[in-house]
file work.cif (mmCIF, C-alpha atoms)
data_structure
#
loop_
_atom_site.label_atom_id
_atom_site.label_comp_id
_atom_site.auth_asym_id
_atom_site.auth_seq_id
_atom_site.Cartn_x
_atom_site.Cartn_y
_atom_site.Cartn_z
CA MET A 288 2.35 2.34 24.98
CA SER A 289 -1.22 3.36 25.66
CA ILE A 290 -3.08 6.10 27.54
CA ALA A 291 -6.53 5.31 28.86
CA GLY A 292 -6.81 2.39 26.48
CA PHE A 293 -5.64 4.28 23.40
CA SER A 294 -2.88 2.26 21.70
CA PHE A 295 -0.16 4.54 20.34
CA SER A 296 2.13 1.63 19.45
CA ASP A 297 -0.37 -0.01 17.10
CA LEU A 298 -1.15 3.26 15.39
CA LEU A 299 2.51 4.22 14.97
CA ALA A 300 3.32 0.76 13.63
CA ARG A 301 0.55 1.23 11.06
CA LEU A 302 1.98 4.62 10.08
CA GLY A 303 5.45 3.16 9.78
CA SER A 304 4.25 0.49 7.39
CA ARG A 305 2.82 3.20 5.12
CA ALA A 306 5.59 5.76 5.42
CA PHE A 307 8.56 3.98 3.92
CA GLU A 308 9.35 2.34 0.62
CA HIS A 309 8.05 -1.14 -0.16
CA ASP A 310 10.34 -4.13 -0.62
CA TRP A 311 11.37 -5.43 -4.04
CA VAL A 312 8.30 -7.69 -4.33
CA ALA A 313 6.02 -4.71 -3.82
CA LEU A 314 7.98 -2.63 -6.31
CA LEU A 315 7.76 -5.49 -8.80
CA LEU A 316 3.98 -5.50 -8.39
CA VAL A 317 3.78 -1.73 -8.86
CA TRP A 318 5.83 -1.78 -12.04
CA GLY A 319 3.86 -4.82 -13.15
CA THR A 320 0.77 -2.59 -13.22
CA VAL A 321 2.72 -0.15 -15.40
CA ALA A 322 3.67 -2.92 -17.83
CA PHE A 323 0.07 -4.14 -17.92
CA ALA A 324 -1.21 -0.62 -18.59
CA ALA A 325 1.33 -0.16 -21.40
CA VAL A 326 0.29 -3.40 -23.14
CA PHE A 327 -3.43 -2.84 -22.54
CA THR A 328 -3.48 0.75 -23.83
CA TYR A 329 -1.30 -0.21 -26.83
CA TRP A 330 -3.75 -2.96 -27.72
CA GLN A 331 -6.67 -0.50 -27.40
CA ALA A 332 -5.03 2.33 -29.38
CA ARG A 333 -6.58 2.82 -32.80
CA ASP A 334 -3.49 4.54 -34.24
CA ARG A 335 -0.92 2.08 -32.89
CA LYS A 336 2.06 1.26 -35.05
CA PRO A 337 2.93 -2.43 -35.33
CA GLY A 338 6.06 -4.11 -34.06
CA VAL A 339 8.41 -3.59 -31.15
CA ARG A 340 9.35 -0.12 -32.31
CA GLY A 341 5.69 0.88 -32.43
CA PHE A 342 5.13 -0.47 -28.91
CA LEU A 343 8.17 1.39 -27.55
CA ARG A 344 7.02 4.59 -29.24
CA HIS A 345 3.62 4.09 -27.61
CA CYS A 346 5.28 3.74 -24.18
CA LEU A 347 7.76 6.58 -24.69
CA PRO A 348 6.64 9.17 -27.24
CA GLU A 349 9.46 10.97 -28.96
CA GLY A 350 10.97 13.77 -26.91
CA THR A 351 9.37 12.72 -23.61
CA LEU A 352 12.46 11.66 -21.69
CA THR A 353 14.59 14.52 -23.05
CA HIS A 354 12.02 17.18 -22.20
CA PRO A 355 13.20 19.68 -19.52
CA SER A 356 10.09 18.84 -17.49
CA ALA A 357 11.07 15.14 -17.41
CA ARG A 358 14.65 15.93 -16.41
CA ALA A 359 13.33 18.14 -13.60
CA ASP A 360 11.03 15.31 -12.50
CA PHE A 361 13.86 12.79 -12.20
CA LEU A 362 16.05 15.25 -10.27
CA PHE A 363 13.11 16.20 -8.06
CA TRP A 364 12.43 12.52 -7.37
CA LEU A 365 16.05 12.04 -6.27
CA SER A 366 16.00 15.14 -4.06
CA ARG A 367 12.76 13.98 -2.46
CA ARG A 368 14.61 11.00 -0.94
CA ILE A 369 16.42 13.52 1.29
CA PHE A 370 13.18 14.89 2.75
CA MET A 371 11.32 11.57 3.03
CA PRO A 372 12.09 10.90 6.75
CA LEU A 373 10.67 14.33 7.66
CA PHE A 374 7.29 13.52 6.09
CA VAL A 375 6.52 10.85 8.68
CA LEU A 376 6.40 13.31 11.59
CA PRO A 377 3.36 15.46 10.61
CA LEU A 378 1.43 12.34 9.62
CA ALA A 379 2.20 10.72 12.98
CA ILE A 380 1.34 13.86 14.97
CA SER A 381 -2.00 14.50 13.24
CA THR A 382 -3.08 10.85 13.23
CA VAL A 383 -2.23 10.20 16.87
CA THR A 384 -3.75 13.51 17.99
CA ALA A 385 -6.99 12.95 16.05
CA GLY A 386 -7.24 9.33 17.19
CA PHE A 387 -6.63 10.19 20.82
CA ALA A 388 -9.17 13.06 20.67
CA ALA A 389 -11.84 10.75 19.20
CA TYR A 390 -11.12 8.05 21.79
CA GLN A 391 -11.23 10.48 24.71
CA GLY A 392 -14.37 12.14 23.39
CA LEU A 393 -16.17 8.81 23.26
CA THR A 394 -14.90 8.01 26.76
CA LEU A 395 -16.46 11.20 28.08
CA ILE A 396 -19.77 10.35 26.40
CA PHE A 397 -20.04 6.60 27.06
CA GLY A 398 -17.53 6.03 29.85
CA PRO A 399 -14.45 3.76 29.64
CA ALA A 400 -14.35 1.31 26.76
CA THR A 401 -15.43 -2.23 27.58
CA HIS A 402 -14.19 -4.73 25.01
CA THR A 403 -15.79 -8.14 25.14
CA GLY A 404 -13.21 -9.93 22.97
CA SER A 405 -11.41 -9.93 19.67
CA ALA A 406 -13.17 -8.72 16.56
CA SER A 407 -14.74 -11.13 14.10
CA THR A 408 -13.45 -11.47 10.55
CA ALA A 409 -16.48 -9.58 9.24
CA MET A 410 -15.77 -6.77 11.72
CA LEU A 411 -12.11 -6.55 10.64
CA CYS A 412 -13.17 -6.44 6.98
CA LEU A 413 -15.52 -3.56 7.80
CA PHE A 414 -12.73 -1.82 9.73
CA THR A 415 -10.38 -2.19 6.75
CA LEU A 416 -12.99 -0.78 4.39
CA THR A 417 -13.72 2.24 6.59
CA MET A 418 -9.99 3.01 6.98
CA VAL A 419 -9.44 2.87 3.22
CA LEU A 420 -12.47 5.14 2.73
CA ALA A 421 -11.14 7.50 5.41
CA TYR A 422 -7.75 7.81 3.71
CA ASP A 423 -9.38 8.33 0.32
CA LEU A 424 -11.77 11.00 1.61
CA SER A 425 -8.86 12.68 3.39
CA TYR A 426 -6.93 12.88 0.12
CA TYR A 427 -9.94 14.25 -1.77
CA THR A 428 -10.59 17.02 0.76
CA TYR A 429 -6.93 18.07 0.84
CA HIS A 430 -6.62 18.01 -2.95
CA TYR A 431 -9.78 20.10 -3.33
CA THR A 432 -8.44 22.58 -0.79
CA ALA A 433 -5.07 22.79 -2.57
CA HIS A 434 -6.85 24.03 -5.70
CA HIS A 435 -9.03 26.59 -3.92
CA VAL A 436 -6.79 28.16 -1.25
CA PRO A 437 -4.35 30.54 -3.01
CA LEU A 438 -1.37 29.99 -0.70
CA ILE A 439 -1.57 26.20 -0.98
CA TRP A 440 -2.26 26.42 -4.71
CA GLU A 441 1.10 28.18 -5.17
CA LEU A 442 2.75 25.10 -3.68
CA HIS A 443 0.51 22.70 -5.61
CA LYS A 444 1.43 24.40 -8.89
CA VAL A 445 4.74 22.53 -8.68
CA HIS A 446 2.88 19.29 -9.33
CA HIS A 447 0.81 20.77 -12.15
CA SER A 448 3.78 22.45 -13.84
CA ALA A 449 4.82 19.13 -15.45
CA GLN A 450 4.49 19.40 -19.23
CA VAL A 451 5.12 15.70 -19.76
CA MET A 452 4.23 12.92 -17.33
CA VAL A 453 6.80 10.19 -16.82
CA GLY A 454 5.58 8.16 -13.86
CA VAL A 455 7.86 9.75 -11.25
CA THR A 456 5.86 12.92 -11.86
CA LYS A 457 3.70 11.60 -9.03
CA ASP A 458 6.50 12.71 -6.67
CA ARG A 459 6.77 16.20 -8.17
CA VAL A 460 5.43 17.70 -4.94
CA HIS A 461 6.96 20.66 -3.10
CA PRO A 462 8.36 19.61 0.32
CA LEU A 463 6.18 22.15 2.14
CA GLU A 464 3.06 20.84 0.41
CA GLU A 465 4.13 17.29 1.21
CA LEU A 466 4.25 18.24 4.89
CA LEU A 467 0.81 19.85 4.72
CA ASN A 468 -0.60 16.89 2.82
CA ARG A 469 0.82 14.35 5.26
CA TRP A 470 -0.45 16.36 8.23
CA TRP A 471 -3.98 16.50 6.81
CA ASP A 472 -3.76 12.90 5.62
CA GLY A 473 -3.74 11.79 9.23
CA MET A 474 -6.79 13.69 10.49
CA ILE A 475 -9.79 11.77 9.12
CA PRO A 476 -8.08 8.34 9.35
CA GLY A 477 -6.93 9.18 12.89
CA LEU A 478 -10.48 10.03 13.96
CA THR A 479 -11.74 6.84 12.30
CA TYR A 480 -9.12 4.71 14.03
CA GLY A 481 -9.84 6.29 17.42
CA ILE A 482 -13.55 5.49 17.07
CA TRP A 483 -12.84 1.90 16.09
CA LEU A 484 -10.33 1.40 18.88
CA PHE A 485 -12.94 2.52 21.41
CA PHE A 486 -15.42 -0.13 20.30
CA VAL A 487 -13.13 -2.93 19.06
CA LEU A 488 -10.03 -4.21 20.81
CA ASN A 489 -6.89 -3.80 18.67
CA PRO A 490 -8.49 -3.64 15.21
CA MET A 491 -6.12 -4.70 12.43
CA GLU A 492 -6.48 -4.43 8.66
CA VAL A 493 -7.07 -7.65 6.82
CA THR A 494 -4.54 -8.88 4.29
CA VAL A 495 -5.02 -10.70 1.00
CA PHE A 496 -2.33 -13.35 0.46
CA GLY A 497 -0.18 -11.40 2.88
CA ILE A 498 -0.64 -8.08 1.05
CA SER A 499 -2.01 -5.23 3.15
CA ALA A 500 -5.15 -3.37 2.22
CA TYR A 501 -3.16 -0.14 1.87
CA PHE A 502 -0.80 -1.67 -0.65
CA LEU A 503 -3.71 -3.17 -2.57
CA ARG A 504 -5.15 0.33 -2.69
CA SER A 505 -1.85 1.60 -4.13
CA LEU A 506 -1.94 -1.07 -6.82
CA LEU A 507 -5.56 -0.31 -7.75
CA MET A 508 -5.08 3.45 -7.99
CA MET A 509 -2.05 2.97 -10.33
CA ASP A 510 -0.36 6.16 -9.14
CA VAL A 511 2.59 5.70 -11.51
CA VAL A 512 0.34 5.00 -14.51
CA ARG A 513 -1.93 7.95 -13.82
CA HIS A 514 1.13 10.19 -14.04
CA THR A 515 1.98 9.03 -17.54
CA HIS A 516 0.33 9.62 -20.92
CA LEU A 517 -1.10 6.05 -20.98
CA LYS A 518 -4.88 6.36 -21.34
CA MET A 519 -5.74 3.56 -18.95
CA SER A 520 -9.48 3.22 -18.26
CA TYR A 521 -11.30 0.66 -16.11
CA GLY A 522 -14.32 0.54 -18.41
CA LYS A 523 -17.82 1.90 -17.93
CA TRP A 524 -18.61 0.01 -14.73
CA GLY A 525 -15.15 0.10 -13.18
CA ASN A 526 -14.97 3.87 -13.63
CA ARG A 527 -18.19 4.26 -11.65
CA LEU A 528 -16.30 3.18 -8.54
CA PHE A 529 -12.62 3.84 -9.24
CA LEU A 530 -10.90 6.95 -10.60
CA CYS A 531 -8.90 5.52 -13.51
CA PRO A 532 -5.56 7.01 -14.66
CA TYR A 533 -7.21 8.52 -17.75
CA TYR A 534 -9.54 10.58 -15.54
CA HIS A 535 -6.59 11.87 -13.50
CA GLN A 536 -4.74 12.86 -16.66
CA LEU A 537 -7.68 15.13 -17.45
CA HIS A 538 -7.06 16.75 -14.05
CA HIS A 539 -3.61 17.84 -15.32
CA SER A 540 -4.99 19.35 -18.54
CA VAL A 541 -4.42 23.04 -19.33
CA ASP A 542 -7.85 23.26 -20.96
CA PRO A 543 -9.99 25.61 -18.80
CA ARG A 544 -12.92 23.19 -19.19
CA ASP A 545 -10.91 20.61 -17.22
CA TYR A 546 -9.92 22.86 -14.30
CA ASN A 547 -10.78 21.71 -10.78
CA LYS A 548 -12.04 18.28 -11.84
CA ASN A 549 -11.26 14.71 -10.77
CA PHE A 550 -9.63 15.34 -7.39
CA GLY A 551 -9.95 11.75 -6.18
CA LEU A 552 -7.22 9.22 -5.52
CA LEU A 553 -8.58 5.68 -5.61
CA LEU A 554 -12.34 6.19 -5.77
CA SER A 555 -14.45 8.28 -8.13
CA VAL A 556 -17.37 8.37 -5.67
CA TRP A 557 -16.20 11.59 -3.97
CA ASP A 558 -16.00 13.47 -7.27
CA ARG A 559 -19.43 12.12 -8.20
CA ALA A 560 -20.90 13.10 -4.84
CA PHE A 561 -19.47 16.64 -4.83
CA GLY A 562 -19.93 17.43 -8.52
CA THR A 563 -16.27 17.55 -9.53
CA LEU A 564 -16.19 14.52 -11.85
CA ALA A 565 -15.35 15.06 -15.52
CA VAL A 566 -15.37 12.17 -17.99
CA PRO A 567 -12.93 12.53 -20.90
CA ALA A 568 -14.15 11.85 -24.41
CA PRO A 569 -12.94 8.54 -25.89
CA GLY A 570 -9.40 9.00 -27.20
CA GLN A 571 -9.21 12.61 -25.97
CA ASN A 572 -5.66 13.97 -25.86
CA PHE A 573 -4.46 16.37 -23.19
CA THR A 574 -1.85 19.10 -23.05
CA PHE A 575 -0.30 19.10 -19.59
CA GLY A 576 0.95 22.07 -17.59
CA LEU A 577 -0.26 25.39 -16.22
CA ALA A 578 -2.39 27.99 -17.96
CA ASN A 579 -0.80 30.91 -19.81
CA ASN A 580 2.52 29.03 -20.13
CA GLU A 581 3.20 29.60 -16.42
CA HIS A 582 4.83 26.15 -16.24
CA ALA A 583 7.90 27.61 -18.01
CA GLU A 584 8.94 29.18 -14.69
CA TYR A 585 9.33 25.80 -12.97
CA GLN A 586 11.45 23.65 -15.27
CA SER A 587 14.55 23.16 -13.12
CA LEU A 588 15.18 21.55 -9.75
CA LEU A 589 16.07 24.86 -8.09
CA ARG A 590 13.09 26.72 -9.49
CA LEU A 591 10.68 23.96 -8.49
CA HIS A 592 11.70 24.62 -4.89
CA LEU A 593 12.12 28.40 -4.95
CA VAL A 594 9.49 29.82 -7.34
CA PRO A 595 6.52 28.87 -5.08
CA LEU A 596 8.21 30.48 -2.08
CA LYS A 597 8.84 33.71 -4.01
CA LYS A 598 5.22 33.84 -5.17
CA ILE A 599 3.88 33.16 -1.68
CA HIS A 600 6.15 35.88 -0.28
CA ALA A 601 4.87 38.35 -2.90
CA MET A 602 1.26 37.36 -2.19
CA VAL A 603 1.61 37.75 1.58
CA SER A 604 3.54 41.03 1.22
CA SER A 605 0.83 42.42 -1.04
CA TRP A 606 -1.86 41.39 1.45
CA VAL A 607 0.04 42.99 4.37
CA ARG A 608 0.52 46.24 2.43
CA GLY A 609 -3.19 46.24 1.64
CA GLN A 610 -4.04 45.79 5.29
CA ILE A 611 -1.73 48.63 6.30
CA ASP A 612 -3.15 50.94 3.62
CA ALA A 613 -6.70 50.11 4.73
CA ARG A 614 -5.88 51.28 8.26
CA GLN A 615 -4.58 54.70 7.14
CA PRO A 616 -7.06 57.43 8.21
CA LEU A 617 -8.89 59.20 5.40
CA PRO A 618 -7.93 62.90 5.01
CA ARG A 619 -10.26 65.32 6.79
CA PRO A 620 -12.35 67.36 4.35
CA ASP A 621 -11.11 70.71 5.70
CA ARG A 622 -7.47 69.64 5.19
CA ALA A 623 -8.26 68.45 1.70
CA ILE A 624 -9.80 71.88 0.88
CA LYS A 625 -6.89 73.87 2.33
CA SER A 626 -4.36 71.87 0.37
#
call {"tool": "encode", "arguments": {"input": "work.cif", "output": "structure tokens"}}
result
Amino acid sequence: MSIAGFSFSDLLARLGSRAFEHDWVALLLVWGTVAFAAVFTYWQARDRKPGVRGFLRHCLPEGTLTHPSARADFLFWLSRRIFMPLFVLPLAISTVTAGFAAYQGLTLIFGPATHTGSASTAMLCLFTLTMVLAYDLSYYTYHYTAHHVPLIWELHKVHHSAQVMVGVTKDRVHPLEELLNRWWDGMIPGLTYGIWLFFVLNPMEVTVFGISAYFLRSLLMMDVVRHTHLKMSYGKWGNRLFLCPYYHQLHHSVDPRDYNKNFGLLLSVWDRAFGTLAVPAPGQNFTFGLANNEHAEYQSLLRLHLVPLKKIHAMVSSWVRGQIDARQPLPRPDRAIKS
């Protein structure tokens, strides 16, 4: 279906391909990156213990899987499957709305689109690159906002309350924040797609050996690895472009010097451009969680869902009471004297 040349079907098909779980081949590739990171970081570790037992201890430090934070992560990951279908809707609404607005705006400025033919391979490569950049910038701006807007930060604390990182910690996201994130995640890419669709007929992302650009992005950003303790780095030159897992682990540190740093997803260029990049020292260890032991409030499935809501309610109630008190008239001086 399309309205005035704007193709909803293509855009929704693109959203659908990103919204649901990958097939077993894709999952094998994802966990292949985890295995590679485990071997690579073990080989790099100066204090590694030899043998199979040493390698397993490197992959799973003692007490990690039995930690209450890890148990909460696994339960949270299972519960998230229930909400997953709901997360598609805000992404679809924001992306389609933004894309349609961009397309219509360009129509008002330049008149109806006039496509001369299909796009060249170079044009499709450029389209793919701009869409990946749009998604990455969208994530950076939302993540930055989540740390600086108090109401959203209360939701985002769920993610940062993890004291150990076990891979599935990446899904330790409150359902309400997931909805907000998905809604915002469609705005910049939707605008980008609407602009491209106006100038290029039916632009499609290129694939590499049948693998989509979005999935390649997922492999490169190593989202599972960056939510573990494995200090995976891409090296001096690779880290100039990509935000390696080690840099993201610094983002989860409780050290005040590491607060509000390394917001990026795939690329480190946004953090470099906006002054939020922090480079960890070689071999630096991190303690994960929230400041002042606040993470202790979140270490169960029920509390991960309810504690943020209670804190937001208290914050809003306090603000409302403050507004009401500010509107109360000051006592007249003569009344104050008589009393």
call {"tool": "residues_around", "arguments": {"input": "work.cif", "residues": "Pro355 (chain A)", "least_positions_apart": "2", "cutoff": "12 Å", "atoms": "all atoms listed in the file", "output": "ChimeraX atom specification"}}
result
/A:350-353,357-363,448-453,582-588
call {"tool": "resolve_selection", "arguments": {"input": "work.cif", "expression": "the PyMOL selection byres ((chain A and resi 460) around 12)", "output": "PyMOL selection string"}}
result
chain A and resi 359-360+363-364+366-367+370-371+374+433+439-449+455-459+461-469+588+591-592+595
call {"tool": "closest_atom_pairs", "arguments": {"input": "work.cif", "of": "region 515-560 of chain A", "to": "region 407-420 of chain A", "cutoff": "12 Å", "atoms": "only C-alpha atoms", "output": "tab-separated table"}}
result
residue	atom	partner	partner_atom	distance
A:Gly551	CA	A:Leu420	CA	11.4
A:Leu552	CA	A:Leu420	CA	10.6
A:Leu553	CA	A:Leu420	CA	9.2
A:Leu554	CA	A:Leu420	CA	8.6
A:Ser555	CA	A:Leu420	CA	11.5
A:Val556	CA	A:Leu420	CA	10.2
A:Trp557	CA	A:Leu420	CA	10.0
call {"tool": "closest_residue", "arguments": {"input": "work.cif", "among": "A:Ala385, A:Leu503, A:Met519, A:Ala565", "to": "Pro532 (chain A)", "atoms": "all atoms listed in the file"}}
result
A:Met519
call {"tool": "atom_distance", "arguments": {"input": "work.cif", "atom1": "CA of Asn572 (chain A)", "atom2": "CA of Gln536 (chain A)"}}
result
9.3 Å
call {"tool": "atom_distance", "arguments": {"input": "work.cif", "atom1": "CA of Thr515 (chain A)", "atom2": "CA of Gly454 (chain A)"}}
result
5.2 Å
call {"tool": "residues_around", "arguments": {"input": "work.cif", "residues": "region 324-326 of chain A", "least_positions_apart": "3", "cutoff": "7 Å", "atoms": "only C-alpha atoms", "output": "CSV table (one decimal) with C-alpha atoms, in the coordinates of the input"}}
result
chain,number,residue,atom,x,y,z
A,320,THR,CA,0.8,-2.6,-13.2
A,321,VAL,CA,2.7,-0.2,-15.4
A,329,TYR,CA,-1.3,-0.2,-26.8
A,330,TRP,CA,-3.8,-3.0,-27.7
A,346,CYS,CA,5.3,3.7,-24.2
A,517,LEU,CA,-1.1,6.0,-21.0
A,519,MET,CA,-5.7,3.6,-19.0
call {"tool": "closest_residue", "arguments": {"input": "work.cif", "among": "A:Asn526, A:Thr432, A:Asn580, A:Thr384", "to": "Met474 (chain A)", "atoms": "only C-alpha atoms"}}
result
A:Thr384
call {"tool": "atom_distance", "arguments": {"input": "work.cif", "atom1": "CA of Lys523 (chain A)", "atom2": "CA of Arg559 (chain A)"}}
result
14.2 Å
call {"tool": "closest_residue", "arguments": {"input": "work.cif", "among": "A:Leu506, A:Gly525, A:Tyr390, A:Arg335", "to": "Trp318 (chain A)", "atoms": "all atoms listed in the file"}}
result
A:Leu506
call {"tool": "closest_residue", "arguments": {"input": "work.cif", "among": "A:Gln571, A:Ser381, A:Gln391, A:Asn579", "to": "Gly481 (chain A)", "atoms": "all atoms listed in the file"}}
result
A:Gln391
call {"tool": "resolve_selection", "arguments": {"input": "work.cif", "expression": "the PyMOL selection byres ((chain A and resi 548) around 8)", "output": "PyMOL selection string"}}
result
chain A and resi 537-538+545-547+549-550+558+563-565
call {"tool": "closest_residue", "arguments": {"input": "work.cif", "among": "A:Leu315, A:Met491, A:Ala560, A:Leu438", "to": "Ala601 (chain A)", "atoms": "all atoms listed in the file"}}
result
A:Leu438
call {"tool": "closest_residue", "arguments": {"input": "work.cif", "among": "A:Val607, A:Leu484, A:Leu424, A:Val594", "to": "Gly386 (chain A)", "atoms": "all atoms listed in the file"}}
result
A:Leu484
